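The data block below is input-v3.tsv; it holds TSV, C-alpha atoms.
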```tsv
chain	number	residue	atom	x	y	z
A	222	MET	CA	41.36	42.48	35.28
A	223	LYS	CA	45.12	42.87	34.74
A	224	ARG	CA	45.72	42.71	38.52
A	225	LEU	CA	43.72	39.48	38.65
A	226	LEU	CA	45.83	37.95	35.87
A	227	VAL	CA	49.05	38.95	37.60
A	228	ALA	CA	47.74	37.53	40.88
A	229	LEU	CA	46.86	34.27	39.13
A	230	LEU	CA	50.28	34.09	37.53
A	231	PHE	CA	51.94	34.14	40.93
A	232	ALA	CA	49.36	31.83	42.46
A	233	LEU	CA	49.99	29.06	39.95
A	234	PRO	CA	52.76	26.66	40.94
A	235	GLY	CA	55.58	26.85	38.44
A	236	ALA	CA	54.48	30.18	37.00
A	237	THR	CA	57.28	32.34	35.68
A	238	GLY	CA	56.72	35.99	34.91
A	239	ALA	CA	57.78	37.68	31.70
A	240	ALA	CA	59.57	41.02	31.49
A	241	ASP	CA	56.43	43.00	30.61
A	242	GLY	CA	54.41	44.01	33.63
A	243	LEU	CA	56.95	42.94	36.23
A	244	ALA	CA	57.82	45.10	39.21
A	245	SER	CA	60.83	47.39	39.33
A	246	ALA	CA	64.10	46.17	40.85
A	247	ALA	CA	64.88	49.70	42.14
A	248	PRO	CA	63.83	48.92	45.76
A	249	LEU	CA	66.30	46.02	45.80
A	250	PHE	CA	69.18	48.23	44.64
A	251	ALA	CA	68.37	50.80	47.33
A	252	LEU	CA	69.13	48.33	50.15
A	253	THR	CA	72.18	47.52	52.17
A	254	LEU	CA	71.95	44.13	53.88
A	255	ASN	CA	74.26	42.18	56.14
A	256	SER	CA	75.87	39.01	54.91
A	257	ALA	CA	75.81	35.84	56.98
A	258	ASP	CA	79.39	36.80	57.91
A	259	GLY	CA	78.30	40.21	59.21
A	260	GLN	CA	79.59	42.29	56.29
A	261	SER	CA	77.40	45.08	54.90
A	262	VAL	CA	76.58	44.66	51.22
A	263	ALA	CA	75.15	47.60	49.28
A	264	LEU	CA	72.96	45.97	46.66
A	265	GLY	CA	73.35	49.07	44.49
A	266	SER	CA	76.92	47.86	43.89
A	267	LEU	CA	75.42	44.98	41.89
A	268	LYS	CA	73.80	47.26	39.29
A	269	GLY	CA	75.04	46.52	35.81
A	270	LYS	CA	75.44	42.81	36.50
A	271	PRO	CA	73.04	40.00	35.63
A	272	LEU	CA	71.49	38.83	38.90
A	273	LEU	CA	69.58	35.87	40.19
A	274	VAL	CA	68.09	36.85	43.55
A	275	ASN	CA	66.56	34.04	45.59
A	276	PHE	CA	64.54	34.55	48.79
A	277	TRP	CA	64.72	31.54	51.09
A	278	ALA	CA	64.49	30.36	54.68
A	279	ARG	CA	66.15	27.53	56.62
A	280	TRP	CA	62.78	25.96	57.47
A	281	CYS	CA	61.57	25.96	53.84
A	282	LEU	CA	61.91	22.47	52.31
A	283	PRO	CA	61.54	23.60	48.66
A	284	CYS	CA	64.25	26.21	49.39
A	285	ARG	CA	66.57	23.49	50.64
A	286	ARG	CA	65.96	21.37	47.54
A	287	GLU	CA	66.69	24.34	45.26
A	288	ILE	CA	70.03	25.31	46.85
A	289	PRO	CA	72.21	22.77	44.95
A	290	ASP	CA	70.90	24.09	41.63
A	291	LEU	CA	71.55	27.68	42.72
A	292	ALA	CA	75.10	26.73	43.76
A	293	ALA	CA	75.64	24.96	40.43
A	294	ALA	CA	74.33	27.98	38.51
A	295	HIS	CA	76.68	30.25	40.43
A	296	ALA	CA	79.66	28.01	39.67
A	297	ARG	CA	78.70	27.62	36.00
A	298	TYR	CA	77.84	31.24	35.14
A	299	ARG	CA	79.88	33.47	37.45
A	300	GLY	CA	82.62	33.60	34.80
A	301	ARG	CA	80.06	35.21	32.49
A	302	GLY	CA	79.21	37.84	35.11
A	303	LEU	CA	76.17	36.28	36.82
A	304	VAL	CA	75.80	37.12	40.50
A	305	VAL	CA	73.63	34.79	42.56
A	306	VAL	CA	72.31	36.35	45.75
A	307	GLY	CA	70.38	34.46	48.41
A	308	ILE	CA	68.34	36.60	50.79
A	309	ALA	CA	67.42	34.73	53.95
A	310	VAL	CA	63.99	35.64	55.27
A	311	GLU	CA	65.45	35.65	58.75
A	312	ASP	CA	66.25	38.26	61.38
A	313	ASP	CA	69.83	39.38	61.95
A	314	ALA	CA	69.66	37.83	65.43
A	315	ASN	CA	69.74	34.44	63.62
A	316	ARG	CA	72.98	35.26	61.77
A	317	ASP	CA	74.93	32.40	63.37
A	318	SER	CA	72.25	29.89	62.44
A	319	VAL	CA	72.07	31.24	58.87
A	320	ARG	CA	75.88	31.07	58.55
A	321	GLU	CA	75.93	27.47	59.86
A	322	PHE	CA	73.12	26.53	57.48
A	323	ALA	CA	74.95	28.17	54.55
A	324	THR	CA	78.07	26.16	55.39
A	325	ALA	CA	76.18	22.89	55.81
A	326	TYR	CA	74.31	23.37	52.52
A	327	GLU	CA	77.43	24.59	50.69
A	328	LEU	CA	76.00	27.94	49.61
A	329	ASN	CA	78.86	29.15	47.43
A	330	TYR	CA	77.09	32.36	46.47
A	331	THR	CA	76.36	35.61	48.31
A	332	SER	CA	74.10	34.95	51.28
A	333	LEU	CA	72.42	37.96	52.87
A	334	ILE	CA	70.02	38.36	55.77
A	335	GLY	CA	66.97	40.38	54.87
A	336	GLY	CA	65.11	40.51	58.17
A	337	MET	CA	61.69	38.94	58.64
A	338	PRO	CA	59.30	41.83	57.96
A	339	ALA	CA	61.66	43.66	55.60
A	340	SER	CA	62.23	40.59	53.38
A	341	ILE	CA	58.52	39.96	53.10
A	342	ASP	CA	57.90	43.60	52.18
A	343	LEU	CA	60.66	43.45	49.56
A	344	MET	CA	59.30	40.24	48.04
A	345	GLN	CA	55.87	41.85	47.78
A	346	THR	CA	57.36	44.95	46.16
A	347	LEU	CA	59.17	42.72	43.65
A	348	GLY	CA	55.92	40.97	42.70
A	349	ASN	CA	55.41	38.17	45.22
A	350	GLY	CA	51.96	39.09	46.50
A	351	LYS	CA	51.61	35.75	48.28
A	352	SER	CA	54.87	36.19	50.22
A	353	GLY	CA	55.64	32.51	49.58
A	354	LEU	CA	59.04	30.88	49.46
A	355	PRO	CA	61.20	30.29	47.64
A	356	PHE	CA	60.87	33.34	45.41
A	357	THR	CA	63.36	34.18	42.68
A	358	VAL	CA	63.83	37.21	40.46
A	359	VAL	CA	66.22	37.37	37.53
A	360	ILE	CA	67.49	40.86	36.70
A	361	ASP	CA	69.34	41.93	33.57
A	362	ARG	CA	72.38	44.22	33.31
A	363	GLY	CA	70.06	47.19	32.84
A	364	GLY	CA	68.47	46.57	36.24
A	365	ARG	CA	65.17	45.27	34.83
A	366	ILE	CA	63.44	42.21	36.24
A	367	ARG	CA	63.22	39.77	33.34
A	368	SER	CA	61.51	36.91	35.13
A	369	SER	CA	60.28	35.86	38.52
A	370	LYS	CA	59.04	32.68	40.05
A	371	LEU	CA	57.21	31.80	43.21
A	372	GLY	CA	58.20	28.26	44.16
A	373	ALA	CA	61.32	26.25	43.46
A	374	MET	CA	62.76	26.56	39.98
A	375	SER	CA	63.70	23.44	38.10
A	376	GLN	CA	67.24	23.35	36.82
A	377	ALA	CA	65.96	23.85	33.26
A	378	GLU	CA	63.89	26.88	34.29
A	379	MET	CA	66.87	28.34	36.10
A	380	VAL	CA	69.19	27.88	33.14
A	381	ALA	CA	66.66	29.42	30.72
A	382	ALA	CA	66.11	32.43	33.00
A	383	ILE	CA	69.85	32.96	33.45
A	384	GLN	CA	70.60	32.64	29.74
A	385	SER	CA	68.00	35.32	29.03
A	386	VAL	CA	70.09	37.89	30.93
A	387	LEU	CA	73.64	36.89	29.94
```

Mind converting the file's structure to structure tokens?
Amino acid sequence: MKRLLVALLFALPGATGAADGLASAAPLFALTLNSADGQSVALGSLKGKPLLVNFWARWCLPCRREIPDLAAAHARYRGRGLVVVGIAVEDDANRDSVREFATAYELNYTSLIGGMPASIDLMQTLGNGKSGLPFTVVIDRGGRIRSSKLGAMSQAEMVAAIQSVL
């Protein structure tokens, strides 16, 4: 029954998870991914910081609409320690296209390339059983996922989720 309720939570548009019953962020911190600029980023180096991690793709229209709010959140809250990380559900072979997209859409936050099958596996591990995009997790300084959302977050949802971890 509990699995059914969790599945329904993620199936409902606009559903945001609460801290209880959410997946562990440990698999995220175990990864090293390449940035759109080709630099390796060990996600374990982000432990101890409040994080907003957003999975996206260039072809995803809701992802594109959400990017300005993510950029605004990064600009507004980075002084308070928030790290916004975008993980492109793309293969490393598309790095040039991801970098060009990031420039065109003014992604002012960390943009990483997760790889197609690996990103999907990671999203599922973090609680996105539908593997839909965009998918966002908000992680507190203790490394615990505090909320997650399948689908684009409204600006108000984003601010509330961020404020819960600052």

Please put the answer as JSON: centre and edge lengths, in Å with one decimal, of a box along x, y and z that encloses all listed atoms of region 323-333 of chain A plus 3 Å on each side.
```
{"center_x": 75.6, "center_y": 30.4, "center_z": 51.1, "size_x": 12.4, "size_y": 21.1, "size_z": 15.3}
```

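Across the model, the gap from CA of Pro248 (chain A) to CA of Gln376 (chain A) is 27.3 Å.
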
Surrounding residues of Ser245 (chain A) excluding itself and chain neighbours under 6 positions, 12 Å, all atoms listed in the file, as a PyMOL selection string
chain A and resi 251+343-348+358-361+363-369

Rounded to one decimal in Å, what is the spacing between CA of Glu311 (chain A) and CA of Ser261 (chain A)?
15.7 Å

Residues within 10 Å of region 318-331 of chain A, please, as an NGL selection string. Count all atoms listed in the file; anything in the same chain fewer than 2 positions from it doesn't count.
:A and (256-259 or 262 or 274 or 278-279 or 285-286 or 288-289 or 291-296 or 299 or 304-316 or 333-334)

Restricting the output to C-alpha atoms, write the selected residues as a CSV table (one decimal), keeping the file's coordinate frame.
```
chain,number,residue,atom,x,y,z
A,256,SER,CA,75.9,39.0,54.9
A,257,ALA,CA,75.8,35.8,57.0
A,258,ASP,CA,79.4,36.8,57.9
A,259,GLY,CA,78.3,40.2,59.2
A,262,VAL,CA,76.6,44.7,51.2
A,274,VAL,CA,68.1,36.8,43.6
A,278,ALA,CA,64.5,30.4,54.7
A,279,ARG,CA,66.2,27.5,56.6
A,285,ARG,CA,66.6,23.5,50.6
A,286,ARG,CA,66.0,21.4,47.5
A,288,ILE,CA,70.0,25.3,46.8
A,289,PRO,CA,72.2,22.8,45.0
A,291,LEU,CA,71.6,27.7,42.7
A,292,ALA,CA,75.1,26.7,43.8
A,293,ALA,CA,75.6,25.0,40.4
A,294,ALA,CA,74.3,28.0,38.5
A,295,HIS,CA,76.7,30.2,40.4
A,296,ALA,CA,79.7,28.0,39.7
A,299,ARG,CA,79.9,33.5,37.4
A,304,VAL,CA,75.8,37.1,40.5
A,305,VAL,CA,73.6,34.8,42.6
A,306,VAL,CA,72.3,36.4,45.8
A,307,GLY,CA,70.4,34.5,48.4
A,308,ILE,CA,68.3,36.6,50.8
A,309,ALA,CA,67.4,34.7,54.0
A,310,VAL,CA,64.0,35.6,55.3
A,311,GLU,CA,65.4,35.6,58.8
A,312,ASP,CA,66.2,38.3,61.4
A,313,ASP,CA,69.8,39.4,62.0
A,314,ALA,CA,69.7,37.8,65.4
A,315,ASN,CA,69.7,34.4,63.6
A,316,ARG,CA,73.0,35.3,61.8
A,333,LEU,CA,72.4,38.0,52.9
A,334,ILE,CA,70.0,38.4,55.8
```

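Note that CA of Leu249 (chain A) and CA of Asp317 (chain A) are 23.8 Å apart.
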
Selected residue of minimal separation from Val380 (chain A) among A:Cys281, A:Leu254, A:Ile341, A:Leu273, counting only C-alpha atoms:
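Counting only C-alpha atoms, the residue closest to Val380 (chain A) is A:Leu273.
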
So, with all atoms listed in the file as the atoms that count, which of A:Asp290, A:Ile383, A:Phe276, A:Arg301 lies closest to Leu354 (chain A)?
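Closest residue, counting all atoms listed in the file: A:Phe276.
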
Top pick for closest residue to Gly335 (chain A), considering A:Asn275, A:Asn349, A:Ser266, A:Asn255 and counting all atoms listed in the file:
A:Asn255

Find, counting all atoms listed in the file, the residue in A:Ser332, A:Glu287, A:Thr253, A:Tyr298 that gets nearest to Gly372 (chain A).
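The answer is A:Glu287, which sits nearest to Gly372 (chain A).
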